[in-house]
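File shown here: structure.txt, holding compact mmCIF, C-alpha atoms and all ligand atoms.
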```txt
# COMPACT_ATOMS: atom_id res chain seq x y z
CA MET A 1 0.00 0.00 0.00
CA ALA A 2 1.32 3.44 -0.92
CA VAL A 3 2.22 5.66 2.04
CA GLU A 4 0.12 8.82 2.06
CA ARG A 5 1.90 12.15 2.19
CA GLU A 6 1.26 14.79 4.79
CA ALA A 7 -1.56 17.16 3.89
CA GLY A 8 -0.30 20.00 1.73
CA ARG A 9 -1.07 23.67 2.10
CA ILE A 10 -1.19 26.96 0.25
CA GLU A 11 0.71 30.01 1.51
CA VAL A 12 0.13 33.36 -0.22
CA ILE A 13 2.54 36.30 -0.18
CA THR A 14 0.92 39.33 -1.74
CA GLY A 15 0.73 43.13 -1.95
CA PRO A 16 1.63 45.82 -4.50
CA MET A 17 4.90 46.15 -6.44
CA PHE A 18 8.01 46.66 -4.27
CA ALA A 19 6.35 45.14 -1.19
CA GLY A 20 9.08 42.52 -0.91
CA LYS A 21 7.03 39.57 -2.17
CA SER A 22 9.89 38.02 -4.13
CA GLU A 23 12.29 38.59 -1.21
CA GLU A 24 9.92 36.81 1.17
CA LEU A 25 9.33 33.95 -1.30
CA LEU A 26 13.08 33.50 -1.72
CA ARG A 27 13.57 33.63 2.07
CA ARG A 28 11.09 30.78 2.53
CA VAL A 29 12.65 28.84 -0.36
CA ARG A 30 16.10 29.22 1.21
CA ARG A 31 14.85 28.07 4.62
CA ALA A 32 13.14 25.03 3.08
CA SER A 33 16.34 24.12 1.21
CA ILE A 34 18.40 24.45 4.39
CA GLY A 35 15.91 22.10 6.04
CA GLY A 36 16.57 19.48 3.37
CA ARG A 37 13.20 19.85 1.69
CA ARG A 38 12.94 19.39 -2.06
CA VAL A 39 11.98 22.70 -3.63
CA GLN A 40 10.88 23.61 -7.15
CA VAL A 41 10.64 27.30 -8.08
CA PHE A 42 8.54 28.56 -10.97
CA THR A 43 7.96 31.90 -12.59
CA HIS A 44 6.07 33.00 -15.69
CA VAL A 45 7.73 33.51 -19.07
CA LEU A 46 6.37 37.09 -19.03
CA ASP A 47 8.64 37.93 -16.06
CA ASP A 48 11.86 38.86 -17.81
CA ARG A 49 13.42 40.72 -14.86
CA GLY A 50 16.28 38.30 -14.25
CA GLY A 51 16.42 36.70 -17.66
CA ALA A 52 15.02 33.23 -18.16
CA HIS A 53 15.25 30.58 -15.45
CA ARG A 54 15.75 32.81 -12.41
CA VAL A 55 13.43 34.38 -9.87
CA THR A 56 14.80 37.80 -8.95
CA SER A 57 13.78 40.57 -6.57
CA HIS A 58 14.07 44.31 -7.15
CA VAL A 59 17.25 44.30 -5.05
CA GLY A 60 18.91 41.47 -6.92
CA LEU A 61 18.22 38.41 -4.74
CA GLU A 62 17.77 35.45 -7.00
CA HIS A 63 17.21 31.72 -7.26
CA PRO A 64 17.13 29.31 -10.20
CA SER A 65 13.62 28.74 -11.50
CA ARG A 66 11.67 27.26 -14.36
CA SER A 67 9.76 29.62 -16.61
CA VAL A 68 6.40 28.33 -17.77
CA ASP A 69 3.65 29.92 -19.84
CA SER A 70 0.51 28.65 -18.11
CA ALA A 71 -0.84 27.06 -14.95
CA GLY A 72 -1.26 23.80 -16.86
CA ALA A 73 2.38 23.81 -17.98
CA LEU A 74 3.42 24.45 -14.39
CA ALA A 75 1.35 21.52 -13.12
CA ALA A 76 2.93 19.25 -15.72
CA GLU A 77 6.45 20.14 -14.51
CA VAL A 78 5.92 19.56 -10.79
CA ALA A 79 7.91 16.56 -9.59
CA PRO A 80 5.83 14.21 -7.42
CA ALA A 81 8.67 14.22 -4.87
CA ALA A 82 8.78 18.03 -4.51
CA ASP A 83 7.98 19.09 -0.94
CA VAL A 84 7.67 22.78 -1.78
CA VAL A 85 6.38 24.31 -5.02
CA ALA A 86 7.15 28.05 -5.10
CA ILE A 87 5.44 30.24 -7.70
CA ASP A 88 6.51 33.87 -8.23
CA GLU A 89 4.61 36.48 -10.27
CA ALA A 90 1.50 34.39 -9.79
CA HIS A 91 -0.79 37.14 -11.19
CA PHE A 92 0.48 36.25 -14.69
CA PHE A 93 -1.06 32.77 -14.51
CA GLY A 94 -4.71 33.83 -14.42
CA ALA A 95 -7.67 32.00 -12.96
CA GLY A 96 -6.30 28.57 -13.89
CA LEU A 97 -3.79 28.80 -11.06
CA VAL A 98 -6.51 28.42 -8.43
CA GLU A 99 -7.34 24.84 -9.40
CA VAL A 100 -3.70 23.93 -10.02
CA ALA A 101 -2.55 25.24 -6.62
CA SER A 102 -5.47 23.54 -4.88
CA GLU A 103 -4.75 20.21 -6.58
CA LEU A 104 -1.02 20.42 -5.76
CA ALA A 105 -1.90 21.10 -2.10
CA ARG A 106 -4.34 18.15 -2.12
CA ARG A 107 -1.49 15.95 -3.34
CA GLY A 108 0.61 17.02 -0.34
CA HIS A 109 2.82 19.78 -1.75
CA THR A 110 3.36 23.01 0.15
CA VAL A 111 2.49 25.63 -2.46
CA LEU A 112 4.06 29.06 -1.94
CA VAL A 113 2.38 31.67 -4.14
CA ALA A 114 3.73 35.23 -4.50
CA GLY A 115 2.04 37.83 -6.67
CA LEU A 116 0.21 41.14 -7.00
CA ASP A 117 -3.26 41.38 -5.48
CA VAL A 118 -3.90 44.78 -7.08
CA THR A 119 -3.52 46.18 -10.61
CA PHE A 120 -1.88 49.56 -11.32
CA ALA A 121 -5.46 50.83 -11.70
CA GLY A 122 -6.15 49.89 -8.09
CA ARG A 123 -8.48 46.96 -8.81
CA PRO A 124 -8.30 43.41 -7.37
CA PHE A 125 -6.02 41.31 -9.55
CA GLU A 126 -7.08 37.66 -9.89
CA PRO A 127 -6.11 34.98 -9.12
CA LEU A 128 -4.52 36.35 -5.92
CA PRO A 129 -7.76 37.46 -4.17
CA THR A 130 -9.27 33.99 -4.66
CA LEU A 131 -6.08 32.24 -3.59
CA MET A 132 -6.00 34.44 -0.46
CA ALA A 133 -9.45 33.11 0.45
CA LEU A 134 -8.42 29.49 -0.02
CA ALA A 135 -4.95 29.57 1.58
CA GLU A 136 -3.87 28.29 4.98
CA ARG A 137 -1.62 31.32 5.38
CA VAL A 138 -1.71 34.81 3.82
CA ASP A 139 0.91 37.51 4.25
CA LYS A 140 -0.19 40.81 2.74
CA LEU A 141 2.87 43.04 2.56
CA THR A 142 3.08 46.77 1.94
CA ALA A 143 5.63 48.86 0.07
CA ILE A 144 6.66 52.42 0.99
CA CYS A 145 4.78 55.32 -0.64
CA VAL A 146 7.30 57.27 -2.74
CA VAL A 147 5.41 60.53 -2.01
CA CYS A 148 5.08 60.44 1.79
CA GLY A 149 6.81 57.34 3.15
CA ARG A 150 3.64 55.75 4.55
CA ASP A 151 2.61 52.13 3.95
CA ALA A 152 1.69 51.66 0.29
CA VAL A 153 -0.95 49.15 -0.78
CA TYR A 154 -1.07 50.39 -4.38
CA HIS A 155 1.34 51.05 -7.22
CA VAL A 156 0.93 53.36 -10.20
CA ARG A 157 2.35 53.12 -13.67
CA THR A 158 4.52 56.13 -14.45
CA SER A 159 6.11 55.40 -17.81
CA PRO A 160 5.03 57.72 -20.63
CA GLU A 161 3.73 54.92 -22.82
CA ALA A 162 1.48 53.73 -19.98
CA ALA A 163 -1.29 51.66 -21.47
CA GLU A 164 -4.80 51.80 -20.14
CA ASP A 165 -5.27 48.12 -20.77
CA VAL A 166 -4.93 46.71 -17.27
CA ALA A 167 -6.49 43.48 -18.48
CA LEU A 168 -3.38 42.73 -20.53
CA VAL A 169 -1.17 40.93 -18.01
CA SER A 170 1.99 41.75 -19.94
CA GLU A 171 1.39 45.40 -19.00
CA HIS A 172 2.26 44.49 -15.40
CA VAL A 173 5.95 43.70 -16.06
CA GLY A 174 8.64 46.11 -14.90
CA GLY A 175 10.36 47.85 -11.99
CA VAL A 176 11.16 51.35 -10.71
CA ASP A 177 11.53 52.54 -14.31
CA LYS A 178 7.81 52.04 -14.87
CA TYR A 179 6.04 51.92 -11.51
CA GLU A 180 5.83 53.72 -8.16
CA ALA A 181 4.41 52.48 -4.86
CA ARG A 182 1.67 54.71 -3.43
CA CYS A 183 -0.39 54.88 -0.23
CA ARG A 184 -4.17 55.33 -0.33
CA ARG A 185 -3.91 59.11 -0.05
CA HIS A 186 -1.47 59.43 -2.94
CA PHE A 187 -3.10 56.92 -5.23
CA PRO A 188 -4.75 58.86 -8.08
CA ALA A 189 -8.53 58.44 -7.91
P1 LIG B 1 8.07 42.65 -5.03
O1 LIG B 1 8.35 41.22 -5.41
O2 LIG B 1 6.98 42.78 -3.99
O3 LIG B 1 7.80 43.56 -6.22
P2 LIG B 1 10.86 42.68 -4.36
O4 LIG B 1 11.03 41.60 -3.35
O5 LIG B 1 11.27 42.36 -5.77
O6 LIG B 1 9.37 43.23 -4.32
O7 LIG B 1 11.69 43.97 -3.94
C1 LIG B 1 11.50 44.61 -2.70
C2 LIG B 1 12.61 45.63 -2.53
O8 LIG B 1 12.40 46.73 -3.43
C3 LIG B 1 12.69 46.28 -1.17
O9 LIG B 1 13.38 45.49 -0.23
C4 LIG B 1 13.43 47.57 -1.47
O10 LIG B 1 14.83 47.39 -1.41
C5 LIG B 1 13.10 47.86 -2.94
N1 LIG B 1 12.21 49.00 -3.12
C6 LIG B 1 12.28 49.90 -4.16
N2 LIG B 1 11.30 50.82 -4.08
C7 LIG B 1 10.56 50.53 -2.97
C8 LIG B 1 9.39 51.12 -2.33
N3 LIG B 1 8.78 52.19 -2.83
N4 LIG B 1 8.92 50.52 -1.22
C9 LIG B 1 9.53 49.45 -0.70
N5 LIG B 1 10.63 48.86 -1.24
C10 LIG B 1 11.15 49.38 -2.35
```

Here is the file; what I need is its structure written in the form of structure tokens.
Amino acid sequence: MAVEREAGRIEVITGPMFAGKSEELLRRVRRASIGGRRVQVFTHVLDDRGGAHRVTSHVGLEHPSRSVDSAGALAAEVAPAADVVAIDEAHFFGAGLVEVASELARRGHTVLVAGLDVTFAGRPFEPLPTLMALAERVDKLTAICVVCGRDAVYHVRTSPEAAEDVALVSEHVGGVDKYEARCRRHFPA
């Protein structure tokens, strides 16, 4: 008879750009590796910050990763023996990530999900809000408002070619060259 694995879980790390989501994901990945757990790290092909095959933070922390183009492709690459499945830039994967993360957790994996819960237009950004509802643990981080230094739960797009099309996920790629963190008071209504 096959030995059943421990029950898995979903842990969400979320917030606006610059909140330290990738840093926190990489911190947990590092701790799991130190503890001898088998870790697989994924990001989306749309995230070109560190070049292919690396998760990177805005301050240059990094870890090898696999780039995939959909939640289904991610699911197909998960090794049955992986203890921890870490997914950065989860907002790029769309609604399909909810079922994939839930199924991976049912199979016994610890699924770490980091991604934006808000668009640069200040609207909820799926699939993070749904994953937050279904997770065992949620850490909602804040950035620092570049105007006043308060906690920022939003980010705005500042580049001149700023597109209005928030539905296009590829419009959410970039760093300090294109975006600024803003508190509620300094988020343009
Ligand atoms: P995220 O994945 O949430 O976009 P990262 O983990 O990549 O964030 O980067 C977080 C780092 O970005 C911070 O530790 C800090 O050094 C840097 N940073 C740059 N601008 C800001 C800001 N406005 N607020 C907070 N951190 C910022």

For atom CA of A:Val100 and atom CA of A:Met17, the interatomic separation in Å (one decimal): 24.1 Å

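Across the model, the gap from atom CA of A:Val78 to atom CA of A:Thr119 is 28.2 Å.
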
Within-9 Å residues of ligand LIG 1 (chain B), basis all atoms listed in the file, as a PyMOL selection string: chain A and resi 13-26+56-61+88-89+114-116+141-146+149+151-152+155+175-176+180-182

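Taking only C-alpha atoms into account, A:Ala86 lies nearest to A:Arg38 out of the set A:Arg106, A:Arg123, A:Arg38, A:Arg185.
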
Best match for closeness to A:Gly96 among A:Leu128, A:Val12, A:Asp117, A:Gly72, counting all atoms listed in the file: A:Gly72

Residue nearest A:Ala32 - candidates A:Phe125, A:Phe92, A:Asp83, A:Leu97, atoms counted: all atoms listed in the file: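 Nearest to A:Ala32: A:Asp83.
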
Gap from atom CA of A:Arg27 to atom CA of A:Glu136 - Å, one decimal: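 Computing the Euclidean distance for atom CA of A:Arg27 and atom CA of A:Glu136 yields 18.5 Å.
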
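Nearest to A:Leu134 of all the residues A:Val29, A:Arg107, A:Ser102, A:Gly8 is A:Ser102, counting all atoms listed in the file.
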
Close residues, A:Val68 itself excluded, 9 Å, all atoms listed in the file, min 2 positions apart in chain, as a VMD selection string: chain A and resid 42 to 46 66 70 to 74 77

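Shortest atom-to-atom contact with A:Val147 among A:Cys183, A:Ala95, A:Val85, A:Ile34: A:Cys183, counting all atoms listed in the file.
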
Best match for closeness to A:Asp69 among A:Glu103, A:Asp47, A:Glu11, A:Asp177, counting all atoms listed in the file: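 Of all the options, A:Asp47 lies closest to A:Asp69.
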